[in-house]
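Undergrad: Here it is, the structure, as structure tokens.
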Amino acid sequence: MDLSIIIVNYNTKKLTENCINSVIRNSQNLSYEIILVDNASEDSSYEYLQELFPNLKIIANTENLGFAKANNQGIKEAKGKSILLLNSDTEFVEDCLSLLLKFLNNTTFAGIVGCKVLNTDQTLQESVYHFPTIWSELVFFTKVIIKNFWDPITYFHKMKYWGHNVIREVDCVSGCFMLIKNEIFSKIGYLDEKFFMYYEDAEFCKRLKSNTNYKVFYHPGAKIVHLQGKSIKIVSFETLKECFKSAIFYFTKVNGRKTGLAFLCLCKFIWLIEMLLFLPFIFINVFRKKLNMIGELVKIHAAIN
């Protein structure tokens with residue numbers, strides 16, 4: 001079998017339906033399987049999708065196990081020579097899988113390949129990155145609390161200086177579309193299940209490049225539309241908290257305990273300063289909400305192992 005496509009679903013049955021139909025329309029020349037992992041959806045996703053796609057292989061979890069662990073469940077059942085991790089809120093622009101599989105199979109040191117990711121208005125969505133650093137993630141988390149503004153660190157980290165129109169080696173690609181040679185998992189293991197969501201893709205790419213001769217590539221010949229954030233049906237602040245916990249774990253695992261602790265302390269220090277700055281404006285509703293949000297983040301005691 002050429003390809004196994006792993007899709008994790010959590011309360012997004014209509015998006016997942018569109019995603020699967022998109023795969024079927026654009027994979028007619030491939031031998032492939034689709035493995036759907038349902039993370040205990042409460043919208044009758046399992047019954048709905050099973051009826052629509054009776055040949056679909058579905059793994060139904062009784063609780064939300066998170067993105068990494070659910071993908072690993074699908075990977076362990078996969079029979080394809082290559083594995084595609086695909087978000088449920090994506091759709092193919094055209095028949096691109098054959099092109100990417102040919103590139104992956106014919107490029108000796110290619111272990112992972114990502115594609116060009118577009119927004120619904122066809123503008124470019126960032127999907128390739130340099131590996132996270134304390135400074136890039138510190139800017140991200142403090143910008144979330146105050147407001148977005150241009151900064152050179154984010155500009156470099158998200159590779160905005162580059163046109164995204166040629167094939168090139170990159171540090172890491174987004175987990176919304178990650179095409180992987182199946183043999184990679186026997187060499188470096190699966191996604192780290194300590195990441196509930198976020199950063200598992202960056203850590204996996206880092207582990208690949210640190211422990212093997214394989215490389216990560218970006219290929220603009222393949223395009224998908226990604227409805228960013230639509231596959232996450234939880235409160236945005238809860239998402240932010242999970243993202244923060246994953247960032248701490250990433251730095252602890254990749255750069256060591258001291259780096260993880262330094263990142264945690266720097267974030268909390270900046271947030272405490274912001275709380276002092278916002279305090280005089282607590283009577284204004286928007287500032288009161290920001291104070292509450294910052295206070296909850298400061299309370300996070302992530303384990304630094």
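We name chains A, B, ... following the order of the structure tokens; residues begin at 1 in each chain, and ligands are numbered from 1 as shown.
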Which of region 86-192 of chain A counts as strand (DSSP E) under DSSP, as a PyMOL selection string please?

TA: chain A and resi 86-87+90-92+110-118+128-129+168-170+172-173+177-181

Undergrad: Please report, as number ranges by chain, each residue of region 30-168 of chain A to which DSSP assigns helix (DSSP H, G or I) when run on this structure's backbone.

TA: A: 45-52, 67-77, 97-106, 134-145, 152-157

Undergrad: Would you list the contacts of Gln228 (chain A) as JSON, numbers by chain, taking every protein, DNA or RNA residue within 12 Å and counting only C-alpha atoms, but skipping same-chain residues closer than 6 positions in sequence?

TA: {"A": [15, 87, 88, 89, 90, 91, 117, 118, 119, 120, 124, 125, 126, 127, 174, 175, 176]}

Undergrad: Restricted to N, CA and C atoms, what would the selected residues look like written as a tab-separated table (two decimals), in the first residue's frame?

TA:
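Generated output (result_0.tsv):
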chain	number	residue	atom	x	y	z
A	15	LEU	N	-16.47	18.94	9.12
A	15	LEU	CA	-15.14	19.24	8.58
A	15	LEU	C	-14.43	17.95	8.18
A	87	ASN	N	-4.77	17.11	9.31
A	87	ASN	CA	-5.80	17.72	10.16
A	87	ASN	C	-7.19	17.54	9.55
A	88	SER	N	-8.18	17.45	10.41
A	88	SER	CA	-9.55	17.27	9.93
A	88	SER	C	-10.10	18.54	9.28
A	89	ASP	N	-9.48	19.69	9.55
A	89	ASP	CA	-9.96	20.96	8.97
A	89	ASP	C	-9.14	21.38	7.76
A	90	THR	N	-8.77	20.40	6.93
A	90	THR	CA	-8.01	20.68	5.71
A	90	THR	C	-8.72	20.09	4.50
A	91	GLU	N	-8.44	20.66	3.34
A	91	GLU	CA	-8.93	20.12	2.07
A	91	GLU	C	-7.86	20.32	1.01
A	117	VAL	N	0.52	25.52	2.42
A	117	VAL	CA	-0.75	25.62	3.14
A	117	VAL	C	-1.36	27.00	2.89
A	118	LEU	N	-2.63	27.01	2.51
A	118	LEU	CA	-3.31	28.26	2.18
A	118	LEU	C	-4.46	28.52	3.14
A	119	ASN	N	-4.77	29.79	3.32
A	119	ASN	CA	-5.99	30.19	4.02
A	119	ASN	C	-7.17	30.07	3.05
A	120	THR	N	-8.37	30.25	3.54
A	120	THR	CA	-9.54	30.11	2.68
A	120	THR	C	-9.57	31.14	1.56
A	124	LEU	N	-1.16	32.84	1.69
A	124	LEU	CA	-0.25	31.87	2.30
A	124	LEU	C	-0.44	31.81	3.81
A	125	GLN	N	-0.46	30.60	4.34
A	125	GLN	CA	-0.50	30.39	5.79
A	125	GLN	C	0.85	29.80	6.21
A	126	GLU	N	1.44	30.37	7.26
A	126	GLU	CA	2.74	29.86	7.70
A	126	GLU	C	2.63	28.40	8.10
A	127	SER	N	3.51	27.58	7.54
A	127	SER	CA	3.46	26.15	7.85
A	127	SER	C	4.85	25.53	7.96
A	174	SER	N	4.46	22.04	9.68
A	174	SER	CA	3.27	21.98	10.53
A	174	SER	C	2.67	20.58	10.54
A	175	GLY	N	2.16	20.20	11.71
A	175	GLY	CA	1.52	18.91	11.85
A	175	GLY	C	0.17	18.82	11.17
A	176	CYS	N	-0.33	19.92	10.61
A	176	CYS	CA	-1.61	19.85	9.89
A	176	CYS	C	-1.49	19.03	8.61

Undergrad: When you count only C-alpha atoms, which of these residues is closest to Val225 (chain A): A:Leu65, A:Asn9, A:Ser4, A:Gln122?

TA: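 Nearest candidate to Val225 (chain A) out of A:Leu65, A:Asn9, A:Ser4, A:Gln122: A:Gln122.
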
Undergrad: Which residue out of A:Glu238, A:Asp192, A:Glu42, A:Asp2 has the minimum interatomic distance to Leu30 (chain A) when only C-alpha atoms are used?

TA: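 Once distances to Leu30 (chain A) are computed over only C-alpha atoms, the minimum belongs to A:Asp2.
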
Undergrad: Find the residues near region 52-56 of chain A: any atom within 9 Å, counting only C-alpha atoms, skip ones fewer than 3 places away on the same chain, and give them as an NGL selection string.

TA: :A and (17 or 20 or 33-36 or 47-49)

Undergrad: Could the residues in this selection be saved with N, CA and C atoms as a compact mmCIF listing (two decimals), in the first residue's frame?

TA:
# COMPACT_ATOMS: atom_id res chain seq x y z
N GLU A 17 -15.82 15.13 7.35
CA GLU A 17 -16.48 14.63 6.13
C GLU A 17 -15.92 15.30 4.89
N ILE A 20 -12.31 14.05 4.25
CA ILE A 20 -12.25 12.70 3.67
C ILE A 20 -12.69 12.72 2.21
N GLU A 33 -5.18 3.94 2.48
CA GLU A 33 -6.19 3.72 3.49
C GLU A 33 -6.34 4.99 4.32
N ILE A 34 -7.53 5.21 4.83
CA ILE A 34 -7.77 6.32 5.75
C ILE A 34 -8.10 5.74 7.11
N ILE A 35 -7.35 6.17 8.11
CA ILE A 35 -7.61 5.74 9.48
C ILE A 35 -8.06 6.96 10.27
N LEU A 36 -9.29 6.91 10.73
CA LEU A 36 -9.84 8.02 11.51
C LEU A 36 -9.77 7.66 12.99
N GLU A 47 -20.81 7.64 14.67
CA GLU A 47 -21.95 7.06 13.94
C GLU A 47 -22.14 7.74 12.58
N TYR A 48 -22.00 9.07 12.58
CA TYR A 48 -22.23 9.85 11.36
C TYR A 48 -21.22 9.46 10.27
N LEU A 49 -19.95 9.41 10.62
CA LEU A 49 -18.90 9.14 9.64
C LEU A 49 -18.86 7.67 9.25
